[in-house]
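A short write-up of the structure that comes next.
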Amino acid sequence: MLEARAHDQLKALLRHEGAGRWPHHLSLTRLVGRSLRRQDHTLVRLVPGTDPSWLIGLLVPLALSEAPLALVVSEPLRQRLLRVELPRLKAADPDLALPCFEGDDPGDSRVWLLNHQQLVQAWQQNRLGGRQLVIPEVEQLDEQLRQALEIRLAPEHWEQLRRAHPRIEAALLEIHQRLNQRILSHPRTPDGLVPIADDAEAPLRHLLALLGSLPDPWQRWREQAGQGWTSMAQRDARLLQWTLQRQPLEPLQTLSGLLQQRGAVLIGQLGPDSTAPALLGLDPDVCVELGDPPLGDPLPVYAPLRQPLPNSPDYSEHLLSQCRRLVLGQAGLSVVLLDDNLLRHRLASGLAAEFGRRVVEETTAPESNGVLCCRWRWWLEHQSALPLPDQVIVALLPIASLEDPLTAAQVQRLRQQGRDWFRERLLPDGLTRLQLGVASLRRHGGRLAILDGRLRGRSWGRQVLQALDPWLQLSRLMPL
């Protein structure tokens with residue numbers, strides 16, 4: 001059987017390399033081999049922050065299987081596969097060399113290496129055939145598919161539509177001017193995203209319905225309308241320009257049937273409270289959680305009992321004062337996580353006045369004792385390429401803001417269904433991001449500081465602390 005062959009090959013490979021290894025390699029290999037043989041749906045949940053060495057346990061059964069596969073990866077994981085993991089397999093045993101076809105027409109190639117955009121195109125063009133899907137980053141699947149399905153109307157597309165239908169020029173100009181006034185006069189938002197309500201978009205929708213064939217992306221824009229989609233505008237205040245965007249609320253519902261009638265191996269770093277499987281509509285035949293061994297040392301956490309809430313007028317000064325204290329005496333890298341752009345720029349300026357050029361924003365080459373200020377998304381994407389931090393400072397917990405149009409649309413749908421949108425959606429997603437963000441401290445040591453007053457001032461703060469277990473409270477600051 002494939003499971004036994006993969007088990008023996010991986011065991012020999014790990015014994016030959018002789019390095020310390022993740023304790024669940026063999027279990028993962030047998031699970032993946034079983035799923036490929038049975039062509040069922042298998043979901044493997046890894047602890048957030050699991051060391052990426054687990055990948056070898058996935059690749060060995062893929063190399064030994066004879067089934068046609070579609071391996072769906074993000075660009076960072078693709079680079080790791082091509083530069084590290086695949087050469088490692090080939091060097092260990094030529095029989096384990098995994099052939100990966102990259103391109104639009106795989107023919108009879110056994111393993112087709114795809115990104116999420118290519119997966120969507122292959123599905124829409126019916127080119128997947130009977131290939132089983134292997135998705136090793138299921139925690140990113142919802143967001144990645146949403147970005148792949150996103151429709152964008154840039155300024156040049158309006159001119160394109162006018163040339164295709166010159167008779168509507170006057171009506172199109174009037175609609176554009178109304179949208180322009182509404183978007184540019186909207187209050188400033190953290191990411192420059194402005195929600196577009198149905199009544200604001202209705203004139204454009206009605207005009208497009210009267211026309212015949214439309215140039216792309218207008219044709220897709222007209223087709224993808226309804227309650228399952230939300231519209232927004234990305235505003236560039238400097239150039240006084242904007243781009244319309246339309247995204248699906250639930251991407252796998254839009255791609256209905258993608259996971260049906262085919263096997264799928266889904267692996268992701270999902271916390272126990274993660275709602276990703278339910279949101280993706282996953283009902284796997286096999287669901288297994290592979291956790292890390294019990295931690296020997298608790299995580300040191302500095303979280304004062306009395307802190308102002310983020311909407312307090314004193315919060316900005318509190319944040320700067322506490323960050324100064326936390327950075328003083330640090331010999332290593334300090335990372336400050338804050339999604340609010342305006343507040344982050346202000347904090348970085350205040351810290352730079354104290355610590356000079358050590359303070360940087362979102363750069364992958366900080367000084368060894370630097371202070372790196374960044375957004376949560378940026379940190380999660382780049383932390384593997386950065387030096388290990390001595391401390392991570394959470395200025396704001398990674399709870400999605402209702403100022404984000406997509407989040408607001410998702411919350412509105414849950415409200416209409418009478419569901420607890422905060423505890424069912426926002427809080428579990430935030431806890432998973434928090435666990436991923438502090439994973440390096442778990443593995444290599446360091447200090448975590450949480451300066452968000454909601455941790456102690458809200459009832460759900462207990463769930464945040466439970467997600468960090470085991471942890472040790474620091475009552476006062478001491479240099480590491």
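Numbering starts fresh at 1 for the residues of each chain in the structure tokens, the chains themselves are lettered A, B, ... in the order given, and ligands are numbered from 1 as they appear.
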Inset, instruction - Tell me, as a list in words, which residues lie within 6 Å of segment 375-390 of chain A, counting only C-alpha atoms; anything in the same chain fewer than 2 positions away does not count. - result: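 Surrounding residues, per the criterion: Gly332, Leu333, Ser334, Leu337, Leu338, Asp339, Thr364 and Gly446 of chain A.
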| request: Would you mind listing what lies within 10 Å of segment 205-213 of chain A as a PyMOL selection string, with only C-alpha atoms counted and same-chain residues fewer than 4 positions away left out? | output: chain A and resi 161+164-165+168+171-172+175+198-201+218-219+221-223+225
Please save N, CA and C atoms of the selected residues as a PDB file, in the first residue's frame.
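Everything below was put into selection_2.pdb:
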```pdb
ATOM      1  N   LEU A 161     -14.804  51.044 -21.921  1.00  0.00           N
ATOM      2  CA  LEU A 161     -16.243  50.850 -22.073  1.00  0.00           C
ATOM      3  C   LEU A 161     -16.854  51.945 -22.944  1.00  0.00           C
ATOM      4  N   ALA A 164     -16.247  51.143 -26.522  1.00  0.00           N
ATOM      5  CA  ALA A 164     -17.039  50.004 -26.984  1.00  0.00           C
ATOM      6  C   ALA A 164     -18.501  50.382 -27.208  1.00  0.00           C
ATOM      7  N   HIS A 165     -19.019  51.340 -26.418  1.00  0.00           N
ATOM      8  CA  HIS A 165     -20.422  51.763 -26.525  1.00  0.00           C
ATOM      9  C   HIS A 165     -20.476  53.289 -26.469  1.00  0.00           C
ATOM     10  N   ILE A 168     -23.501  55.592 -24.948  1.00  0.00           N
ATOM     11  CA  ILE A 168     -23.791  55.760 -23.516  1.00  0.00           C
ATOM     12  C   ILE A 168     -22.816  56.724 -22.854  1.00  0.00           C
ATOM     13  N   ALA A 171     -24.341  59.174 -20.195  1.00  0.00           N
ATOM     14  CA  ALA A 171     -24.818  58.479 -18.986  1.00  0.00           C
ATOM     15  C   ALA A 171     -23.660  57.911 -18.187  1.00  0.00           C
ATOM     16  N   LEU A 172     -22.671  57.373 -18.897  1.00  0.00           N
ATOM     17  CA  LEU A 172     -21.522  56.793 -18.207  1.00  0.00           C
ATOM     18  C   LEU A 172     -20.739  57.869 -17.468  1.00  0.00           C
ATOM     19  N   ILE A 175     -22.618  58.820 -14.244  1.00  0.00           N
ATOM     20  CA  ILE A 175     -22.457  57.795 -13.203  1.00  0.00           C
ATOM     21  C   ILE A 175     -21.062  57.871 -12.597  1.00  0.00           C
ATOM     22  N   ASP A 198     -25.321  49.244  -2.285  1.00  0.00           N
ATOM     23  CA  ASP A 198     -26.104  48.804  -3.441  1.00  0.00           C
ATOM     24  C   ASP A 198     -26.767  49.973  -4.162  1.00  0.00           C
ATOM     25  N   ASP A 199     -27.285  50.963  -3.404  1.00  0.00           N
ATOM     26  CA  ASP A 199     -27.963  52.082  -4.047  1.00  0.00           C
ATOM     27  C   ASP A 199     -26.999  52.960  -4.826  1.00  0.00           C
ATOM     28  N   ALA A 200     -25.725  53.029  -4.368  1.00  0.00           N
ATOM     29  CA  ALA A 200     -24.731  53.809  -5.095  1.00  0.00           C
ATOM     30  C   ALA A 200     -24.312  53.117  -6.381  1.00  0.00           C
ATOM     31  N   GLU A 201     -24.346  51.793  -6.378  1.00  0.00           N
ATOM     32  CA  GLU A 201     -23.920  51.030  -7.547  1.00  0.00           C
ATOM     33  C   GLU A 201     -25.071  50.757  -8.508  1.00  0.00           C
ATOM     34  N   TRP A 218     -15.568  44.173 -17.674  1.00  0.00           N
ATOM     35  CA  TRP A 218     -16.944  44.624 -17.479  1.00  0.00           C
ATOM     36  C   TRP A 218     -17.935  43.465 -17.573  1.00  0.00           C
ATOM     37  N   GLN A 219     -17.670  42.522 -18.470  1.00  0.00           N
ATOM     38  CA  GLN A 219     -18.577  41.386 -18.615  1.00  0.00           C
ATOM     39  C   GLN A 219     -18.644  40.590 -17.322  1.00  0.00           C
ATOM     40  N   TRP A 221     -17.919  41.712 -14.360  1.00  0.00           N
ATOM     41  CA  TRP A 221     -18.520  42.581 -13.343  1.00  0.00           C
ATOM     42  C   TRP A 221     -20.046  42.492 -13.399  1.00  0.00           C
ATOM     43  N   ARG A 222     -20.579  42.490 -14.604  1.00  0.00           N
ATOM     44  CA  ARG A 222     -22.036  42.415 -14.749  1.00  0.00           C
ATOM     45  C   ARG A 222     -22.567  41.052 -14.319  1.00  0.00           C
ATOM     46  N   GLU A 223     -21.823  40.003 -14.620  1.00  0.00           N
ATOM     47  CA  GLU A 223     -22.285  38.656 -14.302  1.00  0.00           C
ATOM     48  C   GLU A 223     -22.230  38.369 -12.806  1.00  0.00           C
ATOM     49  N   ALA A 225     -22.912  39.605  -9.834  1.00  0.00           N
ATOM     50  CA  ALA A 225     -23.664  40.531  -8.990  1.00  0.00           C
ATOM     51  C   ALA A 225     -24.608  39.726  -8.118  1.00  0.00           C
TER      52      ALA A 225
END
```
Exercise for review: Write out as a list in words the residues lying within 8 Å of Arg235 of chain A, counting only C-alpha atoms and excluding same-chain residues fewer than 3 positions away.
Suggested key: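 Final neighbour list, sorted by chain and number: Ile183, Leu184, Gly192, Leu193, Val194, Leu240, Gln241, Trp242 and Thr243 of chain A.
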- [ ] Would you list, as a PyMOL selection string, the residues of segment 3-136 of chain A that end up in alpha helix (DSSP H) under DSSP run on this structure's backbone?
- [x] chain A and resi 3-17+25-38+55-64+75-80+86-92+116-124
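If only C-alpha atoms are the atoms counted, then among A:Leu320, A:Leu141, A:Leu299, A:Leu326 the closest residue to His345 of chain A is A:Leu320.
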Across A:Leu477, A:Val73, A:Leu351, A:Ala148, the smallest distance to Val336 of chain A, with only C-alpha atoms counted, is shown by A:Leu351
Using only C-alpha atoms, the residue out of A:Arg163, A:Arg458, A:Arg182, A:Arg152 with shortest distance to Arg246 of chain A is A:Arg152
Q) Neighbours of Arg146 of chain A within 12 Å (only C-alpha atoms; same-chain residues fewer than 5 positions away dropped), as an NGL selection string? A) :A and (116-117 or 120 or 140-141 or 151 or 228-230 or 245-255 or 280 or 406)
Exercise for the section: Could you tell me how far atom CA of Ala4 of chain A lies from atom CA of Cys100 of chain A, in Å and to one decimal? Expected result: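 We find that atom CA of Ala4 of chain A and atom CA of Cys100 of chain A lie 23.3 Å from each other.
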